[in-house]
>>> print(open('model.cif').read())   # mmCIF, C-alpha atoms
data_data
#
loop_
_atom_site.group_PDB
_atom_site.id
_atom_site.type_symbol
_atom_site.label_atom_id
_atom_site.label_comp_id
_atom_site.auth_asym_id
_atom_site.auth_seq_id
_atom_site.Cartn_x
_atom_site.Cartn_y
_atom_site.Cartn_z
ATOM 1 C CA ILE S 1 49.404 -54.245 -31.091
ATOM 2 C CA ALA S 2 48.891 -56.709 -28.246
ATOM 3 C CA ALA S 3 45.725 -58.048 -29.868
ATOM 4 C CA THR S 4 47.281 -58.451 -33.309
ATOM 5 C CA PHE S 5 50.746 -59.638 -32.236
ATOM 6 C CA PRO S 6 50.198 -61.397 -28.888
ATOM 7 C CA ASP S 7 53.669 -62.972 -28.874
ATOM 8 C CA ASP S 8 55.466 -59.622 -29.179
ATOM 9 C CA ALA S 9 56.713 -57.478 -26.319
ATOM 10 C CA ILE S 10 55.739 -53.814 -26.073
ATOM 11 C CA GLN S 11 57.865 -51.155 -24.387
ATOM 12 C CA GLY S 12 56.624 -47.614 -23.857
ATOM 13 C CA GLU S 13 58.072 -44.564 -22.180
ATOM 14 C CA GLU S 14 55.251 -44.496 -19.650
ATOM 15 C CA PHE S 15 54.567 -48.182 -18.978
ATOM 16 C CA GLY S 16 57.776 -50.201 -19.241
ATOM 17 C CA ILE S 17 57.722 -53.604 -20.974
ATOM 18 C CA THR S 18 54.558 -55.671 -21.284
ATOM 19 C CA GLY S 19 53.917 -59.007 -22.961
ATOM 20 C CA ASN S 20 56.678 -61.606 -23.017
ATOM 21 C CA GLY S 21 59.433 -59.095 -22.313
ATOM 22 C CA SER S 22 62.953 -60.199 -23.154
ATOM 23 C CA SER S 23 61.810 -63.662 -24.263
ATOM 24 C CA SER S 24 60.005 -62.234 -27.311
ATOM 25 C CA ARG S 25 61.738 -62.110 -30.668
ATOM 26 C CA PHE S 26 60.010 -58.822 -31.588
ATOM 27 C CA CYS S 27 59.575 -55.786 -29.368
ATOM 28 C CA TRP S 28 57.539 -52.677 -30.172
ATOM 29 C CA VAL S 29 59.154 -49.570 -28.662
ATOM 30 C CA ILE S 30 56.860 -46.553 -28.385
ATOM 31 C CA ASP S 31 57.336 -42.881 -27.481
ATOM 32 C CA PRO S 32 53.952 -41.103 -27.684
ATOM 33 C CA ILE S 33 55.513 -37.614 -27.559
ATOM 34 C CA ASP S 34 59.191 -37.240 -28.422
ATOM 35 C CA GLY S 35 60.096 -33.623 -27.808
ATOM 36 C CA THR S 36 58.073 -33.060 -24.669
ATOM 37 C CA LYS S 37 59.765 -29.723 -23.931
ATOM 38 C CA ALA S 38 58.914 -28.485 -27.411
ATOM 39 C CA PHE S 39 55.333 -29.737 -27.014
ATOM 40 C CA ILE S 40 54.684 -27.954 -23.711
ATOM 41 C CA SER S 41 56.345 -24.794 -25.074
ATOM 42 C CA GLY S 42 54.019 -24.582 -28.077
ATOM 43 C CA LYS S 43 56.649 -25.542 -30.635
ATOM 44 C CA PRO S 44 55.572 -27.773 -33.553
ATOM 45 C CA ILE S 45 58.707 -29.964 -33.594
ATOM 46 C CA PHE S 46 57.517 -32.962 -31.614
ATOM 47 C CA GLY S 47 56.639 -36.408 -32.853
ATOM 48 C CA THR S 48 55.388 -39.891 -32.148
ATOM 49 C CA LEU S 49 57.884 -42.727 -32.434
ATOM 50 C CA VAL S 50 57.068 -46.390 -33.008
ATOM 51 C CA GLY S 51 59.906 -48.838 -33.495
ATOM 52 C CA VAL S 52 60.135 -52.605 -33.874
ATOM 53 C CA THR S 53 63.231 -54.593 -32.935
ATOM 54 C CA ASP S 54 64.100 -58.141 -33.986
ATOM 55 C CA ARG S 55 66.174 -59.837 -31.271
ATOM 56 C CA GLY S 56 67.283 -56.384 -30.157
ATOM 57 C CA ILE S 57 68.195 -55.072 -33.620
ATOM 58 C CA PRO S 58 66.157 -52.153 -35.063
ATOM 59 C CA LEU S 59 63.933 -53.575 -37.808
ATOM 60 C CA ALA S 60 61.265 -50.982 -38.589
ATOM 61 C CA GLY S 61 60.323 -47.513 -37.448
ATOM 62 C CA MET S 62 57.928 -44.616 -37.786
ATOM 63 C CA ILE S 63 58.567 -40.947 -37.058
ATOM 64 C CA ASP S 64 55.266 -39.073 -37.215
ATOM 65 C CA MET S 65 55.351 -35.263 -37.019
ATOM 66 C CA PRO S 66 51.648 -34.400 -36.656
ATOM 67 C CA ILE S 67 51.848 -30.600 -36.855
ATOM 68 C CA LEU S 68 54.177 -30.731 -39.873
ATOM 69 C CA GLU S 69 52.040 -33.468 -41.478
ATOM 70 C CA GLU S 70 55.132 -35.585 -42.115
ATOM 71 C CA THR S 71 55.221 -39.350 -41.578
ATOM 72 C CA TYR S 72 58.494 -41.195 -42.118
ATOM 73 C CA ILE S 73 58.389 -44.996 -42.258
ATOM 74 C CA GLY S 74 61.418 -47.218 -42.653
ATOM 75 C CA HIS S 75 61.950 -50.968 -42.814
ATOM 76 C CA VAL S 76 65.349 -52.672 -42.737
ATOM 77 C CA THR S 77 65.944 -56.035 -44.449
ATOM 78 C CA ASN S 78 68.972 -58.163 -45.242
ATOM 79 C CA HIS S 79 68.147 -58.523 -48.915
ATOM 80 C CA ASN S 80 68.761 -55.051 -50.369
ATOM 81 C CA MET S 81 65.072 -54.257 -50.053
ATOM 82 C CA SER S 82 65.232 -51.683 -47.258
ATOM 83 C CA PHE S 83 63.098 -48.611 -47.813
ATOM 84 C CA CYS S 84 62.301 -45.295 -46.173
ATOM 85 C CA GLU S 85 59.367 -43.149 -47.171
ATOM 86 C CA LEU S 86 58.090 -39.686 -46.313
ATOM 87 C CA ASN S 87 54.325 -39.568 -46.873
ATOM 88 C CA GLY S 88 54.656 -42.440 -49.322
ATOM 89 C CA GLN S 89 57.604 -41.033 -51.298
ATOM 90 C CA ARG S 90 61.048 -42.620 -51.093
ATOM 91 C CA VAL S 91 63.752 -40.541 -49.390
ATOM 92 C CA ARG S 92 67.488 -40.994 -48.939
ATOM 93 C CA PRO S 93 70.323 -39.227 -47.102
ATOM 94 C CA SER S 94 72.621 -36.689 -48.692
ATOM 95 C CA ASP S 95 75.960 -37.622 -50.253
ATOM 96 C CA CYS S 96 77.970 -35.464 -47.824
ATOM 97 C CA MET S 97 81.342 -37.059 -47.056
ATOM 98 C CA ASP S 98 83.362 -34.384 -45.257
ATOM 99 C CA LEU S 99 82.910 -32.656 -41.904
ATOM 100 C CA LYS S 100 83.809 -29.273 -43.415
ATOM 101 C CA THR S 101 80.691 -29.365 -45.625
ATOM 102 C CA ALA S 102 78.388 -31.122 -43.140
ATOM 103 C CA ARG S 103 75.200 -29.794 -41.573
ATOM 104 C CA ILE S 104 75.209 -31.236 -38.067
ATOM 105 C CA ALA S 105 72.618 -31.257 -35.284
ATOM 106 C CA THR S 106 71.897 -32.115 -31.686
ATOM 107 C CA THR S 107 68.798 -31.306 -29.669
ATOM 108 C CA SER S 108 70.452 -29.422 -26.804
ATOM 109 C CA PRO S 109 73.915 -29.007 -25.281
ATOM 110 C CA LEU S 110 72.187 -29.448 -21.915
ATOM 111 C CA ALA S 111 71.084 -32.957 -22.948
ATOM 112 C CA LEU S 112 74.655 -34.111 -23.598
ATOM 113 C CA SER S 113 77.014 -35.536 -21.003
ATOM 114 C CA GLU S 114 80.156 -33.528 -20.329
ATOM 115 C CA SER S 115 82.330 -35.729 -22.539
ATOM 116 C CA ALA S 116 79.734 -35.871 -25.307
ATOM 117 C CA LEU S 117 79.357 -32.077 -25.279
ATOM 118 C CA ALA S 118 83.095 -31.689 -25.701
ATOM 119 C CA GLY S 119 82.964 -34.124 -28.607
ATOM 120 C CA PHE S 120 80.036 -32.395 -30.279
ATOM 121 C CA ASN S 121 81.691 -28.983 -29.913
ATOM 122 C CA HIS S 122 84.784 -30.444 -31.601
ATOM 123 C CA LEU S 123 82.602 -31.630 -34.492
ATOM 124 C CA ALA S 124 80.763 -28.303 -34.652
ATOM 125 C CA ALA S 125 84.041 -26.392 -34.925
ATOM 126 C CA GLN S 126 84.784 -28.284 -38.136
ATOM 127 C CA ALA S 127 81.295 -28.378 -39.663
ATOM 128 C CA ALA S 128 79.683 -25.996 -42.130
ATOM 129 C CA VAL S 129 76.385 -25.569 -40.236
ATOM 130 C CA THR S 130 75.410 -26.445 -36.653
ATOM 131 C CA ASN S 131 71.769 -26.843 -35.605
ATOM 132 C CA TYR S 132 70.293 -27.047 -32.095
ATOM 133 C CA GLY S 133 66.775 -28.226 -31.264
ATOM 134 C CA GLY S 134 64.683 -30.609 -33.308
ATOM 135 C CA ASP S 135 64.455 -33.783 -31.213
ATOM 136 C CA CYS S 136 63.348 -36.718 -33.391
ATOM 137 C CA HIS S 137 62.864 -34.465 -36.434
ATOM 138 C CA ASN S 138 66.653 -34.196 -36.773
ATOM 139 C CA TYR S 139 66.821 -37.908 -37.536
ATOM 140 C CA ALA S 140 63.986 -37.635 -40.041
ATOM 141 C CA LEU S 141 65.747 -34.752 -41.761
ATOM 142 C CA LEU S 142 68.935 -36.810 -41.941
ATOM 143 C CA ALA S 143 67.033 -39.672 -43.561
ATOM 144 C CA ALA S 144 65.593 -37.231 -46.107
ATOM 145 C CA GLY S 145 68.903 -35.557 -46.962
ATOM 146 C CA HIS S 146 68.554 -32.169 -45.200
ATOM 147 C CA ILE S 147 70.895 -32.793 -42.236
ATOM 148 C CA ASP S 148 74.123 -34.757 -42.609
ATOM 149 C CA LEU S 149 75.187 -35.686 -39.070
ATOM 150 C CA VAL S 150 73.361 -36.068 -35.737
ATOM 151 C CA MET S 151 74.923 -36.858 -32.371
ATOM 152 C CA GLU S 152 73.154 -37.412 -29.043
ATOM 153 C CA ASP S 153 73.672 -39.354 -25.839
ATOM 154 C CA SER S 154 71.945 -40.102 -22.510
ATOM 155 C CA LEU S 155 69.087 -41.666 -24.474
ATOM 156 C CA ALA S 156 66.489 -44.281 -23.515
ATOM 157 C CA PRO S 157 65.310 -47.138 -25.792
ATOM 158 C CA HIS S 158 62.118 -45.269 -26.732
ATOM 159 C CA ASP S 159 64.290 -42.377 -27.995
ATOM 160 C CA ILE S 160 66.399 -44.625 -30.190
ATOM 161 C CA MET S 161 64.834 -47.666 -31.825
ATOM 162 C CA ALA S 162 62.353 -46.074 -34.217
ATOM 163 C CA VAL S 163 64.686 -43.336 -35.456
ATOM 164 C CA VAL S 164 67.587 -45.726 -36.008
ATOM 165 C CA ALA S 165 65.431 -48.015 -38.144
ATOM 166 C CA VAL S 166 64.195 -45.067 -40.205
ATOM 167 C CA MET S 167 67.693 -43.718 -40.845
ATOM 168 C CA GLN S 168 69.236 -47.100 -41.613
ATOM 169 C CA ALA S 169 66.379 -47.953 -43.959
ATOM 170 C CA ALA S 170 67.076 -44.721 -45.835
ATOM 171 C CA GLY S 171 70.738 -45.691 -46.217
ATOM 172 C CA ALA S 172 72.410 -43.737 -43.402
ATOM 173 C CA THR S 173 75.249 -45.103 -41.267
ATOM 174 C CA VAL S 174 74.238 -45.279 -37.604
ATOM 175 C CA THR S 175 76.119 -46.479 -34.516
ATOM 176 C CA ASP S 176 76.550 -45.320 -30.958
ATOM 177 C CA THR S 177 79.199 -42.677 -30.303
ATOM 178 C CA SER S 178 81.831 -45.391 -29.824
ATOM 179 C CA GLY S 179 81.104 -46.948 -33.210
ATOM 180 C CA ARG S 180 79.174 -49.959 -31.908
ATOM 181 C CA PRO S 181 75.941 -51.211 -33.518
ATOM 182 C CA ILE S 182 72.712 -49.991 -31.946
ATOM 183 C CA MET S 183 71.057 -52.637 -29.776
ATOM 184 C CA HIS S 184 67.851 -52.515 -27.769
ATOM 185 C CA GLY S 185 68.582 -52.372 -24.064
ATOM 186 C CA GLN S 186 72.283 -51.652 -24.571
ATOM 187 C CA SER S 187 72.723 -48.434 -26.569
ATOM 188 C CA THR S 188 72.311 -44.998 -24.999
ATOM 189 C CA SER S 189 73.862 -42.778 -27.678
ATOM 190 C CA ILE S 190 73.623 -42.181 -31.416
ATOM 191 C CA LEU S 191 76.100 -41.040 -34.051
ATOM 192 C CA ALA S 192 74.234 -40.940 -37.360
ATOM 193 C CA ALA S 193 75.733 -39.837 -40.658
ATOM 194 C CA ALA S 194 74.516 -39.548 -44.225
ATOM 195 C CA THR S 195 77.456 -41.579 -45.588
ATOM 196 C CA LYS S 196 79.973 -44.112 -44.325
ATOM 197 C CA ARG S 197 82.853 -41.735 -45.062
ATOM 198 C CA LEU S 198 81.284 -38.903 -43.057
ATOM 199 C CA HIS S 199 80.543 -41.275 -40.184
ATOM 200 C CA ALA S 200 84.140 -42.484 -40.169
ATOM 201 C CA ALA S 201 85.396 -38.890 -40.120
ATOM 202 C CA ALA S 202 83.091 -37.990 -37.228
ATOM 203 C CA LEU S 203 84.059 -41.104 -35.281
ATOM 204 C CA ALA S 204 87.749 -40.323 -35.764
ATOM 205 C CA ALA S 205 87.204 -36.736 -34.631
ATOM 206 C CA LEU S 206 85.398 -37.907 -31.491
ATOM 207 C CA ALA S 207 88.245 -40.275 -30.683
#
>>> encode(input="model.cif", output="structure tokens")
Amino acid sequence: IAATFPDDAIQGEEFGITGNGSSSRFCWVIDPIDGTKAFISGKPIFGTLVGVTDRGIPLAGMIDMPILEETYIGHVTNHNMSFCELNGQRVRPSDCMDLKTARIATTSPLALSESALAGFNHLAAQAAVTNYGGDCHNYALLAAGHIDLVMEDSLAPHDIMAVVAVMQAAGATVTDTSGRPIMHGQSTSILAAATKRLHAAALAALA
């Protein structure tokens, strides 16, 4: 990346920010293994995340699940040309609009702050199906229409940027848990929903 795009910044989980840092328009945000606990426990649900931000806004992302042989790539534009693909085939979120029919997910209750756990439990009490585990694969499944709502907090930039771009490119509604747009270096939580109506219902429930 540095050789091909020398003006871009690169941020990785292990090595911080290299290149021009905050002065660069584009920043590549990389997580070599998302789902480290799954990886060291022999579970196949771990992935590699590569995201690109444009002035802090998620622009493009890849979620690669090597054991599952699934690669999700999404690119967000301002001209109705956004796309998200799974192994070269277009995918989109479900049309779920109500919490009572939603399939919701979070990686672990232990990964949520006390207030976020209370909020997620409130959502789970109203949802049709609640899933735990999954790490970055939850976001991929939301983009492809299999999960309807994902909530997480206490996240780092390398956890966020790629998956947000993938979901938004697919057509999902994604903010932080307060309803603010996701920004590199500012956001530490995610509330992602298949539809705007479902997202609004989840945001109201959290409030």
>>> resolve_selection(input="model.cif", expression="the PyMOL selection byres ((chain S and resi 132) around 6)", output="list in words")
Ala105, Thr106, Thr107, Ser108, Asn131 and Gly133 of chain S
>>> residues_around(input="model.cif", residues="Gly47 of chain S", least_positions_apart="3", cutoff="6 Å", atoms="all atoms listed in the file", output="compact mmCIF listing (two decimals) with C-alpha atoms, keeping the file's coordinate frame")
# COMPACT_ATOMS: atom_id res chain seq x y z
CA ILE S 33 55.51 -37.61 -27.56
CA ASP S 34 59.19 -37.24 -28.42
CA ASP S 64 55.27 -39.07 -37.22
CA MET S 65 55.35 -35.26 -37.02
>>> residues_around(input="model.cif", residues="segment 154-165 of chain S", least_positions_apart="6", cutoff="8 Å", atoms="all atoms listed in the file", output="JSON, numbers by chain")
{"S": [11, 12, 13, 29, 30, 31, 34, 49, 50, 51, 52, 53, 58, 59, 60, 61, 62, 63, 74, 75, 76, 111, 112, 113, 136, 139, 140, 174, 182, 184, 185, 187, 188, 189, 190]}
>>> atom_distance(input="model.cif", atom1="atom CA of Gly42 of chain S", atom2="atom CA of Leu68 of chain S")
13.3 Å
>>> atom_distance(input="model.cif", atom1="atom CA of Phe5 of chain S", atom2="atom CA of Thr71 of chain S")
22.8 Å
>>> resolve_selection(input="model.cif", expression="the PyMOL selection byres ((chain S and resi 95) around 12)", output="number ranges by chain")
S: 92-94, 96-99, 101-103, 142-149, 171-173, 193-199
>>> axis_aligned_box(input="model.cif", around="segment 69-79 of chain S", padding_each_side="6 Å", output="lines of an AutoDock Vina configuration file")
center_x = 60.5
center_y = -46.0
center_z = -45.2
size_x = 28.9
size_y = 37.1
size_z = 19.4
>>> closest_residue(input="model.cif", among="S:Ile67, S:Met183, S:Ile73, S:Ala170", to="Asp54 of chain S", atoms="all atoms listed in the file")
S:Met183
>>> atom_distance(input="model.cif", atom1="atom CA of Met81 of chain S", atom2="atom CA of Gly134 of chain S")
29.0 Å
>>> closest_residue(input="model.cif", among="S:Thr18, S:Thr177, S:Gln89, S:Ser82", to="Phe120 of chain S", atoms="only C-alpha atoms")
S:Thr177
>>> closest_residue(input="model.cif", among="S:Ile104, S:Ala128, S:Leu110, S:Leu206", to="Ala192 of chain S", atoms="only C-alpha atoms")
S:Ile104
>>> residues_near_point(input="model.cif", point="(80.5, -37.6, -34.3)", cutoff="6 Å", atoms="only C-alpha atoms", output="ChimeraX atom specification")
/S:151,191,202-203,206
>>> decode(input="model.cif", residues="segment 173-201 of chain S", atoms="N, CA and C atoms", output="PDB file, in the first residue's frame")
ATOM      1  N   THR S 173     -28.114   1.003   7.335  1.00  0.00           N
ATOM      2  CA  THR S 173     -28.016   2.261   8.068  1.00  0.00           C
ATOM      3  C   THR S 173     -27.092   2.040   9.260  1.00  0.00           C
ATOM      4  N   VAL S 174     -26.035   2.841   9.352  1.00  0.00           N
ATOM      5  CA  VAL S 174     -25.005   2.622  10.364  1.00  0.00           C
ATOM      6  C   VAL S 174     -24.637   3.948  11.020  1.00  0.00           C
ATOM      7  N   THR S 175     -24.687   3.974  12.354  1.00  0.00           N
ATOM      8  CA  THR S 175     -24.226   5.110  13.142  1.00  0.00           C
ATOM      9  C   THR S 175     -23.522   4.556  14.380  1.00  0.00           C
ATOM     10  N   ASP S 176     -23.119   5.452  15.280  1.00  0.00           N
ATOM     11  CA  ASP S 176     -22.726   4.970  16.595  1.00  0.00           C
ATOM     12  C   ASP S 176     -23.996   4.789  17.424  1.00  0.00           C
ATOM     13  N   THR S 177     -23.855   4.357  18.666  1.00  0.00           N
ATOM     14  CA  THR S 177     -25.044   4.041  19.457  1.00  0.00           C
ATOM     15  C   THR S 177     -25.808   5.276  19.922  1.00  0.00           C
ATOM     16  N   SER S 178     -25.265   6.459  19.643  1.00  0.00           N
ATOM     17  CA  SER S 178     -25.983   7.705  19.925  1.00  0.00           C
ATOM     18  C   SER S 178     -26.631   8.286  18.681  1.00  0.00           C
ATOM     19  N   GLY S 179     -26.455   7.614  17.545  1.00  0.00           N
ATOM     20  CA  GLY S 179     -27.048   8.084  16.300  1.00  0.00           C
ATOM     21  C   GLY S 179     -26.176   9.004  15.490  1.00  0.00           C
ATOM     22  N   ARG S 180     -24.901   9.152  15.876  1.00  0.00           N
ATOM     23  CA  ARG S 180     -23.989  10.029  15.141  1.00  0.00           C
ATOM     24  C   ARG S 180     -23.293   9.271  14.023  1.00  0.00           C
ATOM     25  N   PRO S 181     -22.924   9.962  12.940  1.00  0.00           N
ATOM     26  CA  PRO S 181     -22.189   9.305  11.847  1.00  0.00           C
ATOM     27  C   PRO S 181     -20.858   8.747  12.334  1.00  0.00           C
ATOM     28  N   ILE S 182     -20.430   7.659  11.724  1.00  0.00           N
ATOM     29  CA  ILE S 182     -19.158   7.035  12.064  1.00  0.00           C
ATOM     30  C   ILE S 182     -18.012   7.845  11.465  1.00  0.00           C
ATOM     31  N   MET S 183     -17.048   8.198  12.301  1.00  0.00           N
ATOM     32  CA  MET S 183     -15.883   8.954  11.861  1.00  0.00           C
ATOM     33  C   MET S 183     -14.615   8.317  12.406  1.00  0.00           C
ATOM     34  N   HIS S 184     -13.600   8.261  11.564  1.00  0.00           N
ATOM     35  CA  HIS S 184     -12.305   7.725  11.967  1.00  0.00           C
ATOM     36  C   HIS S 184     -11.698   8.575  13.072  1.00  0.00           C
ATOM     37  N   GLY S 185     -11.284   7.925  14.147  1.00  0.00           N
ATOM     38  CA  GLY S 185     -10.662   8.630  15.248  1.00  0.00           C
ATOM     39  C   GLY S 185     -11.631   9.208  16.257  1.00  0.00           C
ATOM     40  N   GLN S 186     -12.935   9.100  15.981  1.00  0.00           N
ATOM     41  CA  GLN S 186     -13.941   9.641  16.893  1.00  0.00           C
ATOM     42  C   GLN S 186     -14.899   8.576  17.404  1.00  0.00           C
ATOM     43  N   SER S 187     -15.324   7.666  16.543  1.00  0.00           N
ATOM     44  CA  SER S 187     -16.359   6.692  16.899  1.00  0.00           C
ATOM     45  C   SER S 187     -15.762   5.478  17.611  1.00  0.00           C
ATOM     46  N   THR S 188     -16.474   5.011  18.637  1.00  0.00           N
ATOM     47  CA  THR S 188     -16.050   3.820  19.368  1.00  0.00           C
ATOM     48  C   THR S 188     -17.177   2.799  19.516  1.00  0.00           C
ATOM     49  N   SER S 189     -18.306   3.054  18.875  1.00  0.00           N
ATOM     50  CA  SER S 189     -19.437   2.126  18.948  1.00  0.00           C
ATOM     51  C   SER S 189     -20.118   2.044  17.591  1.00  0.00           C
ATOM     52  N   ILE S 190     -20.931   1.006  17.427  1.00  0.00           N
ATOM     53  CA  ILE S 190     -21.671   0.804  16.183  1.00  0.00           C
ATOM     54  C   ILE S 190     -23.094   0.363  16.508  1.00  0.00           C
ATOM     55  N   LEU S 191     -24.057   0.968  15.834  1.00  0.00           N
ATOM     56  CA  LEU S 191     -25.428   0.483  15.779  1.00  0.00           C
ATOM     57  C   LEU S 191     -25.769   0.377  14.298  1.00  0.00           C
ATOM     58  N   ALA S 192     -25.831  -0.841  13.804  1.00  0.00           N
ATOM     59  CA  ALA S 192     -26.049  -1.088  12.375  1.00  0.00           C
ATOM     60  C   ALA S 192     -27.365  -1.824  12.180  1.00  0.00           C
ATOM     61  N   ALA S 193     -28.152  -1.360  11.233  1.00  0.00           N
ATOM     62  CA  ALA S 193     -29.461  -1.954  10.980  1.00  0.00           C
ATOM     63  C   ALA S 193     -29.695  -2.135   9.490  1.00  0.00           C
ATOM     64  N   ALA S 194     -30.501  -3.124   9.160  1.00  0.00           N
ATOM     65  CA  ALA S 194     -30.775  -3.433   7.760  1.00  0.00           C
ATOM     66  C   ALA S 194     -31.547  -2.318   7.067  1.00  0.00           C
ATOM     67  N   THR S 195     -32.413  -1.622   7.815  1.00  0.00           N
ATOM     68  CA  THR S 195     -33.240  -0.559   7.229  1.00  0.00           C
ATOM     69  C   THR S 195     -33.232   0.671   8.125  1.00  0.00           C
ATOM     70  N   LYS S 196     -33.592   1.803   7.554  1.00  0.00           N
ATOM     71  CA  LYS S 196     -33.670   3.040   8.327  1.00  0.00           C
ATOM     72  C   LYS S 196     -34.729   2.939   9.420  1.00  0.00           C
ATOM     73  N   ARG S 197     -35.844   2.303   9.120  1.00  0.00           N
ATOM     74  CA  ARG S 197     -36.926   2.192  10.105  1.00  0.00           C
ATOM     75  C   ARG S 197     -36.489   1.334  11.294  1.00  0.00           C
ATOM     76  N   LEU S 198     -35.806   0.229  11.031  1.00  0.00           N
ATOM     77  CA  LEU S 198     -35.323  -0.618  12.115  1.00  0.00           C
ATOM     78  C   LEU S 198     -34.276   0.126  12.947  1.00  0.00           C
ATOM     79  N   HIS S 199     -33.405   0.858  12.281  1.00  0.00           N
ATOM     80  CA  HIS S 199     -32.385   1.621  13.002  1.00  0.00           C
ATOM     81  C   HIS S 199     -33.040   2.667  13.903  1.00  0.00           C
ATOM     82  N   ALA S 200     -34.050   3.345  13.395  1.00  0.00           N
ATOM     83  CA  ALA S 200     -34.740   4.348  14.195  1.00  0.00           C
ATOM     84  C   ALA S 200     -35.421   3.723  15.409  1.00  0.00           C
ATOM     85  N   ALA S 201     -35.997   2.530  15.223  1.00  0.00           N
ATOM     86  CA  ALA S 201     -36.642   1.835  16.332  1.00  0.00           C
ATOM     87  C   ALA S 201     -35.621   1.421  17.382  1.00  0.00           C
TER      88      ALA S 201
END
